[in-house]
file coords18.txt (compact mmCIF, C-alpha atoms)
# COMPACT_ATOMS: atom_id res chain seq x y z
CA MET U 160 40.28 86.63 171.37
CA GLY U 161 41.96 89.95 170.82
CA ASN U 162 40.19 91.94 168.12
CA ARG U 163 43.25 92.51 165.94
CA LYS U 164 43.14 93.14 162.20
CA ARG U 165 45.38 92.98 159.18
CA ARG U 166 44.16 94.27 155.82
CA ASP U 167 45.36 92.81 152.53
CA ALA U 168 44.36 93.56 148.96
CA PHE U 169 44.17 90.40 146.88
CA TYR U 170 46.34 91.57 144.01
CA THR U 171 49.65 90.15 142.90
CA LEU U 172 52.42 91.18 140.51
CA VAL U 173 52.92 88.75 137.62
CA SER U 174 54.99 88.81 134.43
CA ALA U 175 53.34 89.01 131.03
CA ALA U 176 52.71 85.74 129.25
CA ASN U 177 54.74 86.76 126.17
CA GLY U 178 57.85 87.49 128.23
CA ASN U 179 59.63 90.58 126.86
CA HIS U 180 58.37 93.82 125.40
CA CYS U 181 60.96 96.08 123.73
CA GLY U 182 63.70 94.21 125.49
CA LYS U 183 62.04 94.53 128.91
CA THR U 184 59.91 92.12 130.89
CA ARG U 185 56.37 93.39 131.32
CA PHE U 186 54.63 93.06 134.65
CA PHE U 187 51.04 93.74 135.51
CA TYR U 188 48.74 93.37 138.50
CA LYS U 189 45.90 90.90 138.52
CA SER U 190 43.36 89.78 141.08
CA ALA U 191 44.57 86.86 143.17
CA ARG U 192 42.00 84.20 142.39
CA CYS U 193 43.80 81.47 144.29
CA GLY U 194 42.17 80.59 147.60
CA LYS U 195 45.45 79.91 149.35
CA GLU U 196 45.88 83.60 150.13
CA LEU U 197 42.61 83.46 152.04
CA VAL U 198 43.39 80.21 153.83
CA LYS U 199 46.88 81.06 155.05
CA GLY U 200 48.82 84.28 155.40
CA GLU U 201 52.22 85.29 156.71
CA SER U 202 52.30 88.18 159.11
CA ASP U 203 55.11 89.92 160.96
CA ALA U 204 55.55 88.61 164.50
CA SER U 205 58.67 90.60 165.41
CA SER U 206 56.75 92.73 167.92
CA PHE U 207 56.10 89.71 170.15
CA PRO U 208 58.50 89.31 173.10
CA SER U 209 61.24 86.76 172.52
CA GLY U 210 63.68 87.35 175.38
CA GLY U 211 66.42 87.97 172.82
CA HIS U 212 66.39 84.34 171.68
CA ARG U 213 65.64 85.04 168.05
CA SER U 214 66.55 87.55 165.41
CA THR U 215 63.94 89.94 164.06
CA PHE U 216 64.05 88.43 160.58
CA GLU U 217 63.23 85.02 162.08
CA ALA U 218 60.06 86.28 163.77
CA ARG U 219 57.47 84.80 161.44
CA GLY U 220 53.80 84.49 162.28
CA TYR U 221 51.14 82.70 160.28
CA THR U 222 47.42 83.31 160.09
CA VAL U 223 45.21 80.32 159.34
CA TRP U 224 41.53 80.57 158.47
CA ASP U 225 39.29 79.21 161.20
CA PRO U 226 36.67 77.33 159.14
CA THR U 227 34.37 76.98 162.16
CA ALA U 228 33.85 80.77 162.36
CA TYR U 229 31.89 82.62 159.70
CA PRO U 230 33.61 85.25 157.54
CA PHE U 231 31.72 88.51 157.16
CA VAL U 232 31.91 91.81 155.27
CA LYS U 233 32.51 94.94 157.35
CA GLU U 234 33.02 98.40 155.91
CA HIS U 235 33.77 97.06 152.40
CA THR U 236 36.29 94.56 153.76
CA LEU U 237 36.01 90.76 153.83
CA CYS U 238 36.87 89.76 157.41
CA ILE U 239 38.10 86.20 157.93
CA PRO U 240 38.47 84.95 161.55
CA THR U 241 41.91 83.38 161.83
CA ALA U 242 44.23 81.65 164.25
CA PHE U 243 47.72 83.11 164.66
CA CYS U 244 50.65 80.72 165.18
CA SER U 245 54.42 80.77 164.99
CA TYR U 246 56.44 78.79 162.46
CA THR U 247 56.91 75.97 164.97
CA GLY U 248 53.25 75.92 166.07
CA GLU U 249 53.29 78.01 169.26
CA ALA U 250 50.08 79.94 169.81
CA LEU U 251 50.46 83.70 169.35
CA ASP U 252 46.82 84.49 170.06
CA LYS U 253 43.93 83.40 172.26
CA LYS U 254 41.89 81.69 169.55
CA THR U 255 44.43 78.89 169.04
CA PRO U 256 44.41 77.67 172.69
CA LEU U 257 40.61 77.91 172.69
CA LEU U 258 40.29 75.75 169.56
CA ARG U 259 42.76 73.24 170.98
CA SER U 260 40.87 73.06 174.27
CA MET U 261 37.60 72.52 172.43
CA GLY U 262 39.23 69.69 170.51
CA ALA U 263 40.53 68.09 173.72
CA LEU U 264 37.11 68.34 175.39
CA ASN U 265 35.44 66.84 172.32
CA GLU U 266 37.80 63.85 172.41
CA GLN U 267 37.22 63.11 176.09
CA ALA U 268 33.46 63.71 175.96
CA LEU U 269 33.10 61.24 173.07
CA ARG U 270 35.04 58.69 175.10
CA ILE U 271 32.59 59.05 177.99
CA LEU U 272 29.51 58.93 175.76
CA LYS U 273 30.67 55.65 174.26
CA LEU U 274 30.53 54.17 177.76
CA PHE U 275 26.82 54.96 177.72
CA GLY U 276 26.40 53.25 174.35
CA LYS U 277 26.03 56.45 172.33
CA ASN U 278 28.26 55.43 169.44
CA ASP U 279 26.28 57.51 166.93
CA VAL U 280 27.53 60.79 168.46
CA THR U 281 30.46 62.07 166.40
CA HIS U 282 31.14 65.51 167.89
CA VAL U 283 30.68 67.42 171.15
CA SER U 284 30.87 71.22 171.14
CA THR U 285 30.96 73.73 173.95
CA THR U 286 28.47 76.56 173.60
CA VAL U 287 28.37 80.04 175.09
CA GLY U 288 25.82 82.83 175.13
CA ALA U 289 27.99 85.80 176.09
CA GLU U 290 25.80 88.56 177.48
CA GLN U 291 27.33 92.03 177.38
CA GLU U 292 26.71 94.73 179.99
CA TYR U 293 27.57 98.35 179.26
CA PHE U 294 26.97 101.96 180.29
CA ILE U 295 25.59 104.65 177.97
CA VAL U 296 26.29 108.34 178.68
CA ASP U 297 25.70 111.52 176.72
CA GLN U 298 28.69 112.25 174.50
CA ASP U 299 28.83 115.95 175.42
CA LEU U 300 29.03 115.06 179.12
CA TRP U 301 31.60 112.35 178.39
CA LYS U 302 33.84 114.87 176.61
CA LYS U 303 33.95 116.99 179.77
CA ARG U 304 35.49 114.13 181.78
CA LYS U 305 39.13 113.57 180.89
CA ASP U 306 39.31 110.54 183.17
CA LEU U 307 36.50 108.82 181.28
CA ARG U 308 38.02 109.69 177.94
CA MET U 309 41.54 108.57 178.84
CA THR U 310 40.95 105.57 181.12
CA GLY U 311 37.36 104.49 180.49
CA ARG U 312 36.42 105.04 184.14
CA THR U 313 36.04 107.87 186.64
CA LEU U 314 39.03 108.52 188.91
CA PHE U 315 37.53 111.25 191.11
CA GLY U 316 34.30 113.13 191.74
CA ALA U 317 31.35 113.33 194.10
CA LYS U 318 28.75 110.62 194.38
CA PRO U 319 25.44 111.30 192.61
CA SER U 320 22.40 112.30 194.63
CA LYS U 321 20.75 109.03 193.58
CA GLY U 322 22.46 105.75 192.77
CA GLN U 323 20.92 102.29 192.74
CA GLU U 324 19.70 102.33 196.33
CA MET U 325 16.05 101.98 195.34
CA ASP U 326 16.66 99.06 192.94
CA ASP U 327 14.35 100.81 190.50
CA GLN U 328 16.51 100.85 187.37
CA TYR U 329 16.30 97.25 186.20
CA PHE U 330 12.56 97.15 185.51
CA ALA U 331 12.18 100.82 184.64
CA ALA U 332 10.96 101.92 181.22
CA LEU U 333 13.68 102.39 178.63
CA ASN U 334 14.69 105.94 177.78
CA PRO U 335 13.59 106.87 174.21
CA ARG U 336 17.20 107.64 173.19
CA ILE U 337 18.26 104.24 174.48
CA VAL U 338 15.44 102.54 172.58
CA GLU U 339 16.63 104.16 169.34
CA TYR U 340 20.19 103.12 170.09
CA MET U 341 19.21 99.52 170.87
CA GLU U 342 17.14 99.22 167.68
CA ASP U 343 20.04 100.53 165.59
CA LEU U 344 22.43 98.22 167.43
CA ASN U 345 20.24 95.17 166.79
CA GLU U 346 19.93 95.89 163.07
CA THR U 347 23.68 96.43 162.73
CA LEU U 348 24.53 93.24 164.61
CA TRP U 349 22.01 91.20 162.60
CA LYS U 350 23.78 92.29 159.40
CA TYR U 351 26.95 90.68 160.78
CA GLY U 352 25.10 87.48 161.64
CA ILE U 353 25.12 88.19 165.39
CA LEU U 354 21.71 87.17 166.72
CA SER U 355 21.10 89.87 169.31
CA LYS U 356 17.95 88.75 171.10
CA THR U 357 17.39 90.56 174.39
CA GLU U 358 18.15 94.05 175.68
CA HIS U 359 17.14 95.69 178.93
CA ASN U 360 18.18 98.05 181.71
CA GLU U 361 20.66 96.80 184.26
CA ALA U 362 20.89 97.49 188.00
CA ALA U 363 22.97 100.69 187.89
CA PRO U 364 21.76 104.01 186.45
CA ALA U 365 22.61 104.31 182.73
CA GLN U 366 23.60 100.63 182.65
CA HIS U 367 22.15 98.21 180.11
CA GLU U 368 22.66 94.70 178.75
CA MET U 369 22.50 92.87 175.42
CA ALA U 370 22.10 89.09 175.24
CA PRO U 371 22.61 87.10 172.02
CA ILE U 372 21.44 83.60 171.15
CA TYR U 373 24.10 81.11 172.21
CA THR U 374 26.38 79.42 169.70
CA THR U 375 29.65 77.47 169.66
CA THR U 376 32.28 78.90 172.00
CA ASN U 377 34.83 80.13 169.47
CA LEU U 378 32.17 81.73 167.28
CA SER U 379 30.53 83.34 170.31
CA THR U 380 33.88 84.74 171.41
CA ASP U 381 34.55 86.24 167.99
CA GLN U 382 31.07 87.73 167.92
CA ASN U 383 31.48 89.28 171.36
CA GLN U 384 34.62 91.11 170.21
CA LEU U 385 32.75 92.44 167.20
CA THR U 386 29.72 93.31 169.35
CA MET U 387 31.76 95.56 171.63
CA GLU U 388 33.25 97.36 168.62
CA VAL U 389 29.81 97.86 167.05
CA MET U 390 28.34 99.08 170.36
CA LYS U 391 30.79 101.97 170.53
CA LYS U 392 30.38 102.94 166.87
CA VAL U 393 26.58 102.87 166.97
CA ALA U 394 26.53 104.95 170.16
CA LYS U 395 28.49 107.75 168.47
CA ARG U 396 25.87 107.89 165.70
CA HIS U 397 23.31 108.78 168.36
CA GLY U 398 25.41 111.37 170.20
CA LEU U 399 26.14 108.86 172.96
CA GLU U 400 29.20 107.12 174.33
CA CYS U 401 29.30 103.42 175.21
CA LEU U 402 31.48 102.56 178.23
CA LEU U 403 32.76 98.97 178.30
CA HIS U 404 35.14 99.29 181.25
CA GLU U 405 34.36 96.72 183.93
CA LYS U 406 34.00 99.39 186.62
CA PRO U 407 33.48 102.87 185.16
CA PHE U 408 31.75 104.34 188.24
CA ALA U 409 32.35 103.80 191.96
CA GLY U 410 29.46 102.92 194.25
CA VAL U 411 27.31 101.17 191.65
CA ASN U 412 27.45 97.90 189.77
CA GLY U 413 30.18 97.25 187.26
CA SER U 414 29.75 95.56 183.91
CA GLY U 415 30.47 91.92 183.22
CA LYS U 416 29.67 89.14 180.78
CA HIS U 417 27.41 86.28 181.84
CA ASN U 418 28.80 83.29 179.97
CA ASN U 419 26.00 80.75 179.69
CA TRP U 420 28.29 77.78 179.02
CA SER U 421 27.28 74.24 178.19
CA MET U 422 28.17 71.16 176.13
CA SER U 423 26.09 69.80 173.25
CA THR U 424 26.38 66.83 170.91
CA ASN U 425 25.90 66.90 167.15
CA LYS U 426 22.58 65.15 167.84
CA GLY U 427 21.33 68.20 169.72
CA GLU U 428 21.61 66.75 173.22
CA ASN U 429 22.60 69.14 176.01
CA LEU U 430 24.98 67.17 178.22
CA LEU U 431 24.26 69.43 181.19
CA GLU U 432 20.49 68.97 181.02
CA PRO U 433 19.56 67.30 184.35
CA GLY U 434 16.24 65.96 183.15
CA LYS U 435 13.24 65.28 185.38
CA THR U 436 15.17 62.85 187.62
CA PRO U 437 18.71 64.19 187.93
CA GLU U 438 19.50 61.94 190.89
CA SER U 439 19.25 58.88 188.61
CA ASN U 440 20.69 60.54 185.47
CA ALA U 441 24.14 58.92 185.54
CA GLN U 442 25.36 60.65 182.39
CA PHE U 443 24.45 64.11 183.66
CA LEU U 444 25.98 63.45 187.09
CA LEU U 445 29.21 62.18 185.53
CA PHE U 446 29.69 65.23 183.32
CA LEU U 447 28.73 67.55 186.19
CA THR U 448 31.23 65.87 188.50
CA ALA U 449 33.97 66.13 185.87
CA ILE U 450 33.34 69.88 185.57
CA LEU U 451 33.41 70.32 189.36
CA LYS U 452 36.71 68.45 189.53
CA ALA U 453 38.15 70.53 186.69
CA VAL U 454 37.16 73.80 188.37
CA ASP U 455 38.61 72.61 191.69
CA GLU U 456 41.94 71.52 190.23
CA ASN U 457 42.35 74.38 187.75
CA GLN U 458 40.88 77.30 189.65
CA ASP U 459 44.18 79.19 189.37
CA LEU U 460 44.02 79.11 185.57
CA LEU U 461 40.38 80.18 185.59
CA ARG U 462 41.18 83.07 187.92
CA ILE U 463 44.16 84.19 185.84
CA SER U 464 42.03 84.21 182.70
CA VAL U 465 39.86 87.02 184.11
CA ALA U 466 42.56 88.83 186.09
CA SER U 467 42.66 92.05 184.09
CA ALA U 468 43.19 95.39 185.80
CA GLY U 469 39.64 96.52 185.09
CA ASN U 470 37.98 93.29 186.19
CA ASP U 471 39.98 93.02 189.40
CA HIS U 472 38.78 96.54 190.17
CA ARG U 473 35.18 95.32 189.77
CA LEU U 474 35.27 91.96 191.57
CA GLY U 475 33.87 91.79 195.07
CA ALA U 476 31.95 95.07 195.04
CA ASN U 477 28.32 96.01 194.39
CA GLU U 478 26.92 92.57 193.57
CA ALA U 479 29.96 91.50 191.54
CA PRO U 480 31.16 87.98 192.33
CA PRO U 481 33.99 87.71 194.87
CA ALA U 482 37.53 87.40 193.59
CA ILE U 483 37.56 83.65 194.15
CA ILE U 484 36.46 80.70 192.04
CA SER U 485 33.47 78.81 193.40
CA VAL U 486 30.60 76.64 192.20
CA TYR U 487 27.00 76.92 193.33
CA LEU U 488 24.70 74.09 192.24
CA GLY U 489 21.49 75.42 193.74
CA ASP U 490 19.21 74.15 196.48
CA GLU U 491 17.99 71.20 194.45
CA LEU U 492 21.29 69.68 193.25
CA THR U 493 23.53 70.41 196.26
CA PRO U 494 21.83 67.93 198.65
CA ARG U 495 21.88 65.25 195.97
CA LYS U 496 25.59 65.68 195.34
CA LYS U 497 26.21 65.36 199.07
CA ARG U 498 24.22 62.11 199.16
CA LYS U 499 26.22 60.78 196.21
CA LYS U 500 29.43 61.28 198.19
call {"tool": "encode", "arguments": {"input": "coords18.txt", "output": "structure tokens"}}
result
Amino acid sequence: MGNRKRRDAFYTLVSAANGNHCGKTRFFYKSARCGKELVKGESDASSFPSGGHRSTFEARGYTVWDPTAYPFVKEHTLCIPTAFCSYTGEALDKKTPLLRSMGALNEQALRILKLFGKNDVTHVSTTVGAEQEYFIVDQDLWKKRKDLRMTGRTLFGAKPSKGQEMDDQYFAALNPRIVEYMEDLNETLWKYGILSKTEHNEAAPAQHEMAPIYTTTNLSTDQNQLTMEVMKKVAKRHGLECLLHEKPFAGVNGSGKHNNWSMSTNKGENLLEPGKTPESNAQFLLFLTAILKAVDENQDLLRISVASAGNDHRLGANEAPPAIISVYLGDELTPRKKRKK
């Protein structure tokens, strides 16, 4: 989504009701009680690339309140999730394309459900439970490594005497300092309405994971941006440093986000639930086939969406997925899909 912020104080300059005072117009500041300043704002968009096709004074950007994402108070500031668009409607952020794609999927999913006689369904949402992996290191040791401080990852150095060769980190007992950090993290996230549910060690030494309860895709994306910010701030309170780079250390696992994605109706039905007899569940098979076709035909867009410098450094090494787009249905569904062909 891009965790960008703009702060505004809701005060405005107005003239006095009685007009003049000693031959001069009186002005005073009052609180802006009108909700329109919360719903829509005008922000400078001159820093966005234009290829020289527009003048700076024409570079207008507009923020619009996303009513499907909850506002929250952070550090004495009311934070309102917004979409950012140009005057003519072009998306200037990542939230706008996401909301538009969710709307397009909702429209097509409703069309399919009507073929199955489900006319009482009025909305289909995509849901995501975005797990977050991260490394925790002592802050004093982190300060001694300029590469970690400046790039978020190590650029040189000797391998440790012990890595993850024994596969003994994942189910190991949590370090007491990490337990204190995780408890503080949970309480802080809960205050923001982020339902942090599960935390545990990960495969690499000093690597851990937090998993929230899933929610609608755009809200989950907003919450993940806030989660990463909170993780780093809470770590500093405990004399620790949270590393969110996708590959901070060579020779061990990198950090990713497991996006547990699905589609649900307003009636609470999971459209990707196979049921007890998936081979005869025509609705499930149709939606599954549509997703397979979409991944096959749009794999380039999916790959581009995760093609950051840090993630490309992680892909294909130490249990990370290969740098290709593929679908694995499992031993139970794969033979059935082959029979359906």
call {"tool": "residues_around", "arguments": {"input": "coords18.txt", "residues": "region 449-466 of chain U", "least_positions_apart": "3", "cutoff": "10 Å", "atoms": "all atoms listed in the file", "output": "JSON, numbers by chain"}}
result
{"U": [443, 444, 445, 446, 469, 470, 471, 472, 474, 482, 483, 484, 485, 486, 488]}
call {"tool": "write_last_selection", "arguments": {"input": "coords18.txt", "atoms": "C-alpha atoms", "output": "PDB file, in the frame of the given file"}}
result
ATOM      1  CA  PHE U 443      24.450  64.110 183.660  1.00  0.00           C
ATOM      2  CA  LEU U 444      25.980  63.450 187.090  1.00  0.00           C
ATOM      3  CA  LEU U 445      29.210  62.180 185.530  1.00  0.00           C
ATOM      4  CA  PHE U 446      29.690  65.230 183.320  1.00  0.00           C
ATOM      5  CA  GLY U 469      39.640  96.520 185.090  1.00  0.00           C
ATOM      6  CA  ASN U 470      37.980  93.290 186.190  1.00  0.00           C
ATOM      7  CA  ASP U 471      39.980  93.020 189.400  1.00  0.00           C
ATOM      8  CA  HIS U 472      38.780  96.540 190.170  1.00  0.00           C
ATOM      9  CA  LEU U 474      35.270  91.960 191.570  1.00  0.00           C
ATOM     10  CA  ALA U 482      37.530  87.400 193.590  1.00  0.00           C
ATOM     11  CA  ILE U 483      37.560  83.650 194.150  1.00  0.00           C
ATOM     12  CA  ILE U 484      36.460  80.700 192.040  1.00  0.00           C
ATOM     13  CA  SER U 485      33.470  78.810 193.400  1.00  0.00           C
ATOM     14  CA  VAL U 486      30.600  76.640 192.200  1.00  0.00           C
ATOM     15  CA  LEU U 488      24.700  74.090 192.240  1.00  0.00           C
TER      16      LEU U 488
END
call {"tool": "closest_residue", "arguments": {"input": "coords18.txt", "among": "U:Thr222, U:Asn334, U:Ser379, U:Gln366", "to": "Ile295 (chain U)", "atoms": "all atoms listed in the file"}}
result
U:Gln366
call {"tool": "closest_residue", "arguments": {"input": "coords18.txt", "among": "U:Val411, U:Met422, U:Leu197, U:Ile271", "to": "Thr374 (chain U)", "atoms": "all atoms listed in the file"}}
result
U:Met422
call {"tool": "atom_distance", "arguments": {"input": "coords18.txt", "atom1": "CA of Lys321 (chain U)", "atom2": "CA of Gly410 (chain U)"}}
result
10.7 Å
call {"tool": "closest_residue", "arguments": {"input": "coords18.txt", "among": "U:Gly413, U:Gly475, U:Pro407, U:Pro319", "to": "Leu307 (chain U)", "atoms": "all atoms listed in the file"}}
result
U:Pro407
call {"tool": "closest_residue", "arguments": {"input": "coords18.txt", "among": "U:Arg396, U:Lys303, U:His235, U:Lys416", "to": "Met341 (chain U)", "atoms": "all atoms listed in the file"}}
result
U:Arg396
call {"tool": "residues_around", "arguments": {"input": "coords18.txt", "residues": "Ile239 (chain U)", "least_positions_apart": "2", "cutoff": "12 Å", "atoms": "all atoms listed in the file", "output": "PyMOL selection string"}}
result
chain U and resi 162-167+196-200+222-233+236-237+241-242+378+381
call {"tool": "closest_residue", "arguments": {"input": "coords18.txt", "among": "U:Phe294, U:Tyr351, U:Lys277, U:Thr313", "to": "Pro364 (chain U)", "atoms": "all atoms listed in the file"}}
result
U:Phe294
call {"tool": "residues_around", "arguments": {"input": "coords18.txt", "residues": "Thr281 (chain U)", "least_positions_apart": "6", "cutoff": "9 Å", "atoms": "only C-alpha atoms", "output": "PyMOL selection string"}}
result
chain U and resi 269+424-426
call {"tool": "write_last_selection", "arguments": {"input": "coords18.txt", "atoms": "C-alpha atoms", "output": "CSV table (one decimal), in the frame of the given file"}}
result
chain,number,residue,atom,x,y,z
U,269,LEU,CA,33.1,61.2,173.1
U,424,THR,CA,26.4,66.8,170.9
U,425,ASN,CA,25.9,66.9,167.2
U,426,LYS,CA,22.6,65.2,167.8
call {"tool": "residues_around", "arguments": {"input": "coords18.txt", "residues": "Lys302 (chain U)", "least_positions_apart": "6", "cutoff": "12 Å", "atoms": "all atoms listed in the file", "output": "number ranges by chain"}}
result
U: 296, 308-309, 311, 398-400
